[in-house]
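The file start-v6.txt contains compact mmCIF, C-alpha atoms:
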```txt
# COMPACT_ATOMS: atom_id res chain seq x y z
CA MET A 1 222.09 -138.59 73.34
CA ILE A 2 219.07 -139.55 71.28
CA ASP A 3 219.59 -142.76 69.31
CA LEU A 4 216.26 -143.83 67.85
CA PHE A 5 218.04 -145.80 65.13
CA GLU A 6 219.75 -147.90 67.80
CA ILE A 7 216.45 -148.60 69.58
CA ALA A 8 214.84 -149.75 66.33
CA SER A 9 217.94 -151.79 65.53
CA ARG A 10 217.74 -153.50 68.93
CA PHE A 11 214.07 -154.30 68.30
CA SER A 12 215.11 -155.92 65.03
CA GLN A 13 217.96 -157.86 66.63
CA ALA A 14 215.57 -159.15 69.30
CA GLU A 15 213.11 -160.19 66.56
CA VAL A 16 210.40 -157.91 67.88
CA LYS A 17 207.39 -157.82 65.57
CA PHE A 18 207.00 -154.11 64.90
CA VAL A 19 206.35 -151.58 62.16
CA ILE A 20 207.90 -148.12 62.23
CA VAL A 21 205.21 -145.47 61.81
CA GLY A 22 204.95 -141.72 62.45
CA GLY A 23 207.70 -139.17 61.98
CA ILE A 24 210.56 -141.66 61.77
CA ALA A 25 208.71 -143.49 59.00
CA ILE A 26 208.27 -140.20 57.12
CA ARG A 27 211.95 -139.55 57.63
CA GLY A 28 212.80 -143.03 56.42
CA HIS A 29 210.97 -142.34 53.18
CA GLY A 30 212.94 -139.14 52.62
CA GLY A 31 210.91 -136.51 54.46
CA ASN A 32 212.70 -133.60 56.08
CA TYR A 33 210.72 -134.12 59.26
CA VAL A 34 212.83 -134.05 62.44
CA THR A 35 211.33 -136.00 65.30
CA GLU A 36 212.38 -136.87 68.82
CA ASP A 37 210.36 -140.03 69.23
CA LEU A 38 210.17 -143.46 67.67
CA ASP A 39 206.59 -144.55 67.01
CA VAL A 40 206.06 -148.25 66.41
CA CYS A 41 202.98 -150.39 65.99
CA TYR A 42 203.62 -153.77 67.61
CA SER A 43 202.18 -157.25 67.75
CA ARG A 44 200.35 -157.84 71.02
CA THR A 45 201.29 -161.49 71.53
CA ASN A 46 202.82 -162.31 74.89
CA GLU A 47 206.01 -163.50 73.18
CA ASN A 48 206.37 -160.15 71.47
CA LEU A 49 205.65 -158.20 74.65
CA LYS A 50 208.49 -160.13 76.33
CA ARG A 51 210.84 -159.27 73.47
CA ILE A 52 209.91 -155.58 73.62
CA ALA A 53 210.47 -155.57 77.38
CA SER A 54 213.88 -157.23 76.94
CA VAL A 55 214.93 -154.37 74.66
CA LEU A 56 213.45 -151.51 76.66
CA THR A 57 214.25 -152.61 80.22
CA PRO A 58 218.00 -151.76 79.97
CA LEU A 59 216.96 -148.30 78.75
CA ASN A 60 215.02 -147.57 81.96
CA PRO A 61 211.66 -146.77 80.37
CA ARG A 62 209.20 -144.59 82.22
CA PRO A 63 205.91 -143.11 81.03
CA ARG A 64 206.49 -139.59 79.77
CA ASN A 65 205.53 -136.90 82.28
CA PHE A 66 205.41 -139.49 85.06
CA PRO A 67 206.46 -137.85 88.37
CA GLU A 68 210.21 -138.35 88.86
CA ASN A 69 209.87 -138.99 92.57
CA LEU A 70 207.49 -141.92 92.11
CA PRO A 71 208.78 -145.44 91.54
CA TYR A 72 207.84 -147.16 88.30
CA VAL A 73 208.14 -150.85 87.65
CA PHE A 74 208.45 -151.95 84.04
CA ASP A 75 208.35 -155.50 82.72
CA TRP A 76 206.52 -157.35 80.01
CA THR A 77 203.35 -157.61 82.09
CA THR A 78 203.23 -153.80 82.14
CA LEU A 79 202.60 -154.02 78.40
CA GLN A 80 199.65 -156.33 79.01
CA GLN A 81 197.92 -153.58 80.98
CA GLY A 82 197.29 -151.29 78.01
CA THR A 83 197.57 -150.86 74.27
CA ASN A 84 199.29 -147.55 73.65
CA PHE A 85 202.31 -146.43 75.66
CA THR A 86 204.45 -143.29 75.55
CA PHE A 87 207.81 -143.98 77.17
CA GLU A 88 210.89 -141.90 77.72
CA THR A 89 214.08 -143.95 77.75
CA SER A 90 217.80 -143.29 78.09
CA MET A 91 218.04 -143.34 74.25
CA GLY A 92 214.97 -141.27 73.47
CA ASP A 93 211.21 -141.41 73.50
CA VAL A 94 209.41 -144.51 72.26
CA ASP A 95 205.70 -144.72 71.55
CA LEU A 96 204.23 -148.20 71.36
CA LEU A 97 200.94 -148.32 69.47
CA GLY A 98 198.66 -151.32 69.42
CA GLU A 99 196.81 -149.86 66.49
CA VAL A 100 197.20 -147.04 63.96
CA LYS A 101 194.05 -145.09 63.22
CA GLY A 102 192.80 -145.67 59.69
CA VAL A 103 195.21 -148.55 59.02
CA GLY A 104 194.76 -151.06 61.83
CA SER A 105 196.86 -153.33 64.00
CA TYR A 106 200.31 -154.88 63.40
CA ASP A 107 198.92 -157.67 61.18
CA ASP A 108 197.11 -155.10 59.04
CA LEU A 109 200.20 -152.91 58.75
CA VAL A 110 202.73 -155.54 57.67
CA PRO A 111 201.28 -156.04 54.15
CA ARG A 112 201.31 -152.25 53.75
CA SER A 113 204.95 -151.86 54.78
CA LEU A 114 208.39 -152.07 53.24
CA LEU A 115 211.12 -154.24 54.70
CA ILE A 116 214.19 -152.04 55.02
CA ASP A 117 217.78 -152.86 55.85
CA PHE A 118 218.87 -151.75 59.29
CA ASP A 119 222.63 -152.26 59.11
CA GLY A 120 222.33 -156.00 58.64
CA TYR A 121 218.97 -156.42 60.33
CA SER A 122 215.58 -155.64 58.86
CA ALA A 123 212.59 -153.65 59.97
CA TYR A 124 209.20 -152.81 58.54
CA LEU A 125 208.56 -149.21 57.57
CA LEU A 126 204.92 -148.26 56.95
CA SER A 127 204.48 -147.41 53.26
CA ILE A 128 203.86 -143.88 52.05
CA PRO A 129 200.24 -144.58 50.96
CA ALA A 130 199.47 -146.14 54.37
CA LEU A 131 201.11 -143.21 56.18
CA ILE A 132 198.93 -140.84 54.14
CA THR A 133 195.84 -142.87 55.12
CA ALA A 134 196.87 -142.73 58.79
CA LYS A 135 197.58 -139.01 58.73
CA ARG A 136 194.25 -138.30 57.06
CA ALA A 137 192.42 -140.50 59.55
CA ALA A 138 194.10 -138.70 62.46
CA GLY A 139 192.85 -135.39 61.06
CA ARG A 140 195.27 -133.30 63.12
CA PRO A 141 196.22 -129.82 61.87
CA LYS A 142 199.83 -130.48 62.88
CA ASP A 143 200.00 -133.29 60.31
CA GLU A 144 199.23 -131.04 57.35
CA ALA A 145 202.88 -130.39 56.48
CA GLY A 146 203.69 -134.08 56.87
CA LEU A 147 200.86 -134.94 54.47
CA LYS A 148 202.19 -132.51 51.86
CA VAL A 149 205.64 -134.10 52.18
CA LEU A 150 204.25 -137.63 51.87
CA GLU A 151 202.15 -136.77 48.82
CA ALA A 152 205.19 -135.17 47.17
CA LEU A 153 207.37 -138.19 47.98
CA LEU A 154 204.71 -140.55 46.63
CA GLU A 155 204.53 -138.61 43.39
CA ALA A 156 208.31 -138.51 43.13
CA SER A 157 208.44 -142.30 43.49
CA GLU A 158 205.87 -142.96 40.72
CA MET B 1 211.74 -133.00 42.30
CA LEU B 2 213.25 -129.50 42.13
CA ASP B 3 211.36 -128.40 39.03
CA PRO B 4 207.85 -129.76 39.54
CA LYS B 5 205.08 -129.64 37.00
CA PRO B 6 202.41 -127.01 37.76
CA GLY B 7 199.47 -128.62 39.54
CA SER B 8 201.52 -131.56 40.77
CA LYS B 9 201.67 -132.71 44.40
CA ILE B 10 205.33 -131.74 44.49
CA ALA B 11 204.47 -128.21 43.35
CA GLU B 12 201.71 -128.13 45.97
CA ALA B 13 204.22 -129.09 48.67
CA ARG B 14 206.64 -126.40 47.51
CA ASP B 15 203.87 -123.79 47.54
CA PHE B 16 202.91 -124.93 51.04
CA GLY B 17 206.44 -124.10 52.17
CA ILE B 18 208.15 -127.48 52.03
CA ASP B 19 211.84 -127.14 51.16
CA LEU B 20 212.18 -129.38 48.11
CA THR B 21 215.97 -129.16 48.17
CA MET B 22 215.93 -130.96 51.53
CA LEU B 23 213.65 -133.70 50.17
CA ALA B 24 215.91 -134.14 47.14
CA GLU B 25 218.94 -134.30 49.44
CA ASN B 26 217.31 -136.91 51.70
CA LEU B 27 216.39 -139.10 48.74
CA ARG B 28 220.11 -139.62 48.07
CA PHE B 29 220.36 -141.72 51.24
CA THR B 30 219.08 -145.15 52.27
CA PRO B 31 216.17 -145.31 54.76
CA ALA B 32 218.58 -146.34 57.54
CA GLU B 33 220.88 -143.41 56.77
CA ARG B 34 217.93 -141.02 56.78
CA ILE B 35 216.90 -142.19 60.25
CA LYS B 36 220.47 -141.82 61.52
CA ARG B 37 220.53 -138.30 60.12
CA ASN B 38 217.33 -137.57 62.06
CA ASP B 39 219.10 -138.61 65.26
CA GLN B 40 222.04 -136.36 64.41
CA ALA B 41 219.68 -133.44 63.74
CA VAL B 42 217.82 -133.97 67.02
CA ASN B 43 221.06 -134.20 68.99
CA SER B 44 222.35 -131.02 67.37
CA MET B 45 219.10 -129.22 68.23
CA LEU B 46 219.26 -130.46 71.83
CA LYS B 47 222.86 -129.21 72.14
CA PHE B 48 221.79 -125.86 70.74
CA GLN B 49 218.84 -125.66 73.16
CA GLU B 50 221.17 -126.47 76.05
CA ALA B 51 223.63 -123.76 74.95
CA VAL B 52 220.79 -121.23 74.80
CA ARG B 53 219.55 -122.33 78.21
CA ARG B 54 223.05 -121.91 79.71
CA ALA B 55 223.47 -118.50 78.05
CA LYS B 56 220.14 -117.32 79.44
CA ALA B 57 221.02 -118.63 82.90
CA GLY B 58 224.41 -116.84 82.67
CA SER B 59 222.94 -113.49 81.63
CA LYS B 60 220.32 -113.78 84.36
CA ALA B 61 223.03 -114.40 86.96
CA LYS B 62 225.06 -111.41 85.71
CA SER B 63 222.07 -109.06 85.95
CA GLN B 64 221.47 -110.02 89.59
```

Give the structure from this file in structure tokens form.
Amino acid sequence: MIDLFEIASRFSQAEVKFVIVGGIAIRGHGGNYVTEDLDVCYSRTNENLKRIASVLTPLNPRPRNFPENLPYVFDWTTLQQGTNFTFETSMGDVDLLGEVKGVGSYDDLVPRSLLIDFDGYSAYLLSIPALITAKRAAGRPKDEAGLKVLEALLEASE
Amino acid sequence: MLDPKPGSKIAEARDFGIDLTMLAENLRFTPAERIKRNDQAVNSMLKFQEAVRRAKAGSKAKSQ
């Protein structure tokens, strides 16, 4: 069973410094987007990498499309070896992004995010204007529908 | 939302093919509820995909 809400909630409980971006952020703002992965932009401090690893380790993360017959060792030092990661876990896919194109890193995203309630915990959700900036910067044809939704939601909120 | 002004971004989204009734429905919920509803939708789709896969496997087995 996919439970992206639970993964994000566990990040919040563990005090991970993260911002929800991508399809789940669009969904959080009211979009009708259905997505199978949780995209988050995260702070790259060692303390935060340890917190992320403490949440993901019980979910047996492995890089997506990694050969099943090969062993894979995951711990917080794994996260020191790169910036962007695409993991599959027992609760669903999680993408960790060190930076969001057009918007920046975690510290740049926080002022452009909303703090939302996550059943008693809180998490940052990238704002609609920042999501629009990111989608435009990505310039992917597949994002066109998402952009239309975001622009409509922005107008509806004004 | 459901009766947008001509030339507005909402009208543009509707003309693009976005279902405004679904956006209006989603806006009734909190962000956390919307994300939970995404999980429910994905799990329903995965169950449906699995049912289709089993049906295809069954019909293939019958034809052999």

If we draw a sphere of 12 Å around (206.1, -142.0, 60.6), which residues have at least one atom in it when counting only C-alpha atoms? Please report them as a short mmCIF file (atom, residue, chain, number, x, y, z; two decimals) with C-alpha atoms, in the coordinates of the input.
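Resulting contents of out-v5.cif:
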```cif
data_model
loop_
_atom_site.label_atom_id
_atom_site.label_comp_id
_atom_site.auth_asym_id
_atom_site.auth_seq_id
_atom_site.Cartn_x
_atom_site.Cartn_y
_atom_site.Cartn_z
CA VAL A 19 206.35 -151.58 62.16
CA ILE A 20 207.90 -148.12 62.23
CA VAL A 21 205.21 -145.47 61.81
CA GLY A 22 204.95 -141.72 62.45
CA GLY A 23 207.70 -139.17 61.98
CA ILE A 24 210.56 -141.66 61.77
CA ALA A 25 208.71 -143.49 59.00
CA ILE A 26 208.27 -140.20 57.12
CA ARG A 27 211.95 -139.55 57.63
CA GLY A 28 212.80 -143.03 56.42
CA HIS A 29 210.97 -142.34 53.18
CA GLY A 30 212.94 -139.14 52.62
CA GLY A 31 210.91 -136.51 54.46
CA ASN A 32 212.70 -133.60 56.08
CA TYR A 33 210.72 -134.12 59.26
CA VAL A 34 212.83 -134.05 62.44
CA THR A 35 211.33 -136.00 65.30
CA GLU A 36 212.38 -136.87 68.82
CA ASP A 37 210.36 -140.03 69.23
CA LEU A 38 210.17 -143.46 67.67
CA ASP A 39 206.59 -144.55 67.01
CA VAL A 40 206.06 -148.25 66.41
CA CYS A 41 202.98 -150.39 65.99
CA ASP A 95 205.70 -144.72 71.55
CA VAL A 100 197.20 -147.04 63.96
CA SER A 113 204.95 -151.86 54.78
CA TYR A 124 209.20 -152.81 58.54
CA LEU A 125 208.56 -149.21 57.57
CA LEU A 126 204.92 -148.26 56.95
CA SER A 127 204.48 -147.41 53.26
CA ILE A 128 203.86 -143.88 52.05
CA PRO A 129 200.24 -144.58 50.96
CA ALA A 130 199.47 -146.14 54.37
CA LEU A 131 201.11 -143.21 56.18
CA ILE A 132 198.93 -140.84 54.14
CA THR A 133 195.84 -142.87 55.12
CA ALA A 134 196.87 -142.73 58.79
CA LYS A 135 197.58 -139.01 58.73
CA ASP A 143 200.00 -133.29 60.31
CA GLY A 146 203.69 -134.08 56.87
CA LEU A 147 200.86 -134.94 54.47
CA VAL A 149 205.64 -134.10 52.18
CA LEU A 150 204.25 -137.63 51.87
CA ILE B 35 216.90 -142.19 60.25
#
```

Each chain B residue no farther than 10 Å from chain A, nearest pair in Å, only C-alpha atoms, as JSON lines:
```
{"residue": "B:Met1", "atom": "CA", "partner": "A:Ala156", "partner_atom": "CA", "distance": 6.5}
{"residue": "B:Pro4", "atom": "CA", "partner": "A:Ala156", "partner_atom": "CA", "distance": 9.5}
{"residue": "B:Ser8", "atom": "CA", "partner": "A:Glu155", "partner_atom": "CA", "distance": 8.1}
{"residue": "B:Lys9", "atom": "CA", "partner": "A:Ala152", "partner_atom": "CA", "distance": 5.1}
{"residue": "B:Ile10", "atom": "CA", "partner": "A:Ala152", "partner_atom": "CA", "distance": 4.4}
{"residue": "B:Ala11", "atom": "CA", "partner": "A:Ala152", "partner_atom": "CA", "distance": 8.0}
{"residue": "B:Glu12", "atom": "CA", "partner": "A:Lys148", "partner_atom": "CA", "distance": 7.4}
{"residue": "B:Ala13", "atom": "CA", "partner": "A:Lys148", "partner_atom": "CA", "distance": 5.1}
{"residue": "B:Arg14", "atom": "CA", "partner": "A:Lys148", "partner_atom": "CA", "distance": 8.7}
{"residue": "B:Asp15", "atom": "CA", "partner": "A:Lys148", "partner_atom": "CA", "distance": 9.9}
{"residue": "B:Phe16", "atom": "CA", "partner": "A:Lys148", "partner_atom": "CA", "distance": 7.7}
{"residue": "B:Gly17", "atom": "CA", "partner": "A:Ala145", "partner_atom": "CA", "distance": 8.4}
{"residue": "B:Ile18", "atom": "CA", "partner": "A:Val149", "partner_atom": "CA", "distance": 7.1}
{"residue": "B:Asp19", "atom": "CA", "partner": "A:Asn32", "partner_atom": "CA", "distance": 8.2}
{"residue": "B:Leu20", "atom": "CA", "partner": "A:Asn32", "partner_atom": "CA", "distance": 9.0}
{"residue": "B:Thr21", "atom": "CA", "partner": "A:Asn32", "partner_atom": "CA", "distance": 9.6}
{"residue": "B:Met22", "atom": "CA", "partner": "A:Asn32", "partner_atom": "CA", "distance": 6.2}
{"residue": "B:Leu23", "atom": "CA", "partner": "A:Gly31", "partner_atom": "CA", "distance": 5.8}
{"residue": "B:Ala24", "atom": "CA", "partner": "A:Gly30", "partner_atom": "CA", "distance": 8.0}
{"residue": "B:Glu25", "atom": "CA", "partner": "A:Gly30", "partner_atom": "CA", "distance": 8.3}
{"residue": "B:Asn26", "atom": "CA", "partner": "A:Gly30", "partner_atom": "CA", "distance": 5.0}
{"residue": "B:Leu27", "atom": "CA", "partner": "A:Gly30", "partner_atom": "CA", "distance": 5.2}
{"residue": "B:Arg28", "atom": "CA", "partner": "A:Gly30", "partner_atom": "CA", "distance": 8.5}
{"residue": "B:Phe29", "atom": "CA", "partner": "A:Gly30", "partner_atom": "CA", "distance": 8.0}
{"residue": "B:Thr30", "atom": "CA", "partner": "A:Gly28", "partner_atom": "CA", "distance": 7.8}
{"residue": "B:Pro31", "atom": "CA", "partner": "A:Gly28", "partner_atom": "CA", "distance": 4.4}
{"residue": "B:Ala32", "atom": "CA", "partner": "A:Phe118", "partner_atom": "CA", "distance": 5.7}
{"residue": "B:Glu33", "atom": "CA", "partner": "A:Gly28", "partner_atom": "CA", "distance": 8.1}
{"residue": "B:Arg34", "atom": "CA", "partner": "A:Gly28", "partner_atom": "CA", "distance": 5.5}
{"residue": "B:Ile35", "atom": "CA", "partner": "A:Gly28", "partner_atom": "CA", "distance": 5.7}
{"residue": "B:Lys36", "atom": "CA", "partner": "A:Phe5", "partner_atom": "CA", "distance": 5.9}
{"residue": "B:Arg37", "atom": "CA", "partner": "A:Arg27", "partner_atom": "CA", "distance": 9.0}
{"residue": "B:Asn38", "atom": "CA", "partner": "A:Val34", "partner_atom": "CA", "distance": 5.7}
{"residue": "B:Asp39", "atom": "CA", "partner": "A:Asp3", "partner_atom": "CA", "distance": 5.8}
{"residue": "B:Gln40", "atom": "CA", "partner": "A:Ile2", "partner_atom": "CA", "distance": 8.1}
{"residue": "B:Ala41", "atom": "CA", "partner": "A:Val34", "partner_atom": "CA", "distance": 7.0}
{"residue": "B:Val42", "atom": "CA", "partner": "A:Glu36", "partner_atom": "CA", "distance": 6.4}
{"residue": "B:Asn43", "atom": "CA", "partner": "A:Ile2", "partner_atom": "CA", "distance": 6.2}
{"residue": "B:Ser44", "atom": "CA", "partner": "A:Met1", "partner_atom": "CA", "distance": 9.6}
{"residue": "B:Met45", "atom": "CA", "partner": "A:Val34", "partner_atom": "CA", "distance": 9.8}
{"residue": "B:Leu46", "atom": "CA", "partner": "A:Met1", "partner_atom": "CA", "distance": 8.7}
{"residue": "B:Lys47", "atom": "CA", "partner": "A:Met1", "partner_atom": "CA", "distance": 9.5}
```

request  = Grab the atom CA of A:Phe66 to atom CA of A:Ala137 distance for me, in Å with one decimal place.
outcome  = 28.6 Å

ask   = What is the atom CA of A:Phe74-atom CA of A:Val103 distance in Å, reported with one decimal?
value =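 Pair atom CA of A:Phe74 / atom CA of A:Val103 returns 28.5 Å.
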
Surrounding residues of A:Asn84 excluding itself and chain neighbours under 4 positions, 7 Å, only C-alpha atoms, as a PyMOL selection string = chain A and resi 96-98

note = From atom CA of A:Ser90 to atom CA of A:Thr45 the spacing works out at 25.4 Å

key: Spatial sel., origin (213.4, -159.9, 66.0), limit 9 Å, only C-alpha atoms, listed as a PyMOL selection string   = chain A and resi 10-18+48+51+121-123

request  = Show which residues sit within 9 Å of A:Arg62, as a list in words. Count all atoms listed in the file, and ignore same-chain residues fewer than 4 positions away.
outcome  =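 Those residues are Phe66, Tyr72, Val73, Phe74, Thr86, Phe87, Glu88 and Thr89 of chain A.
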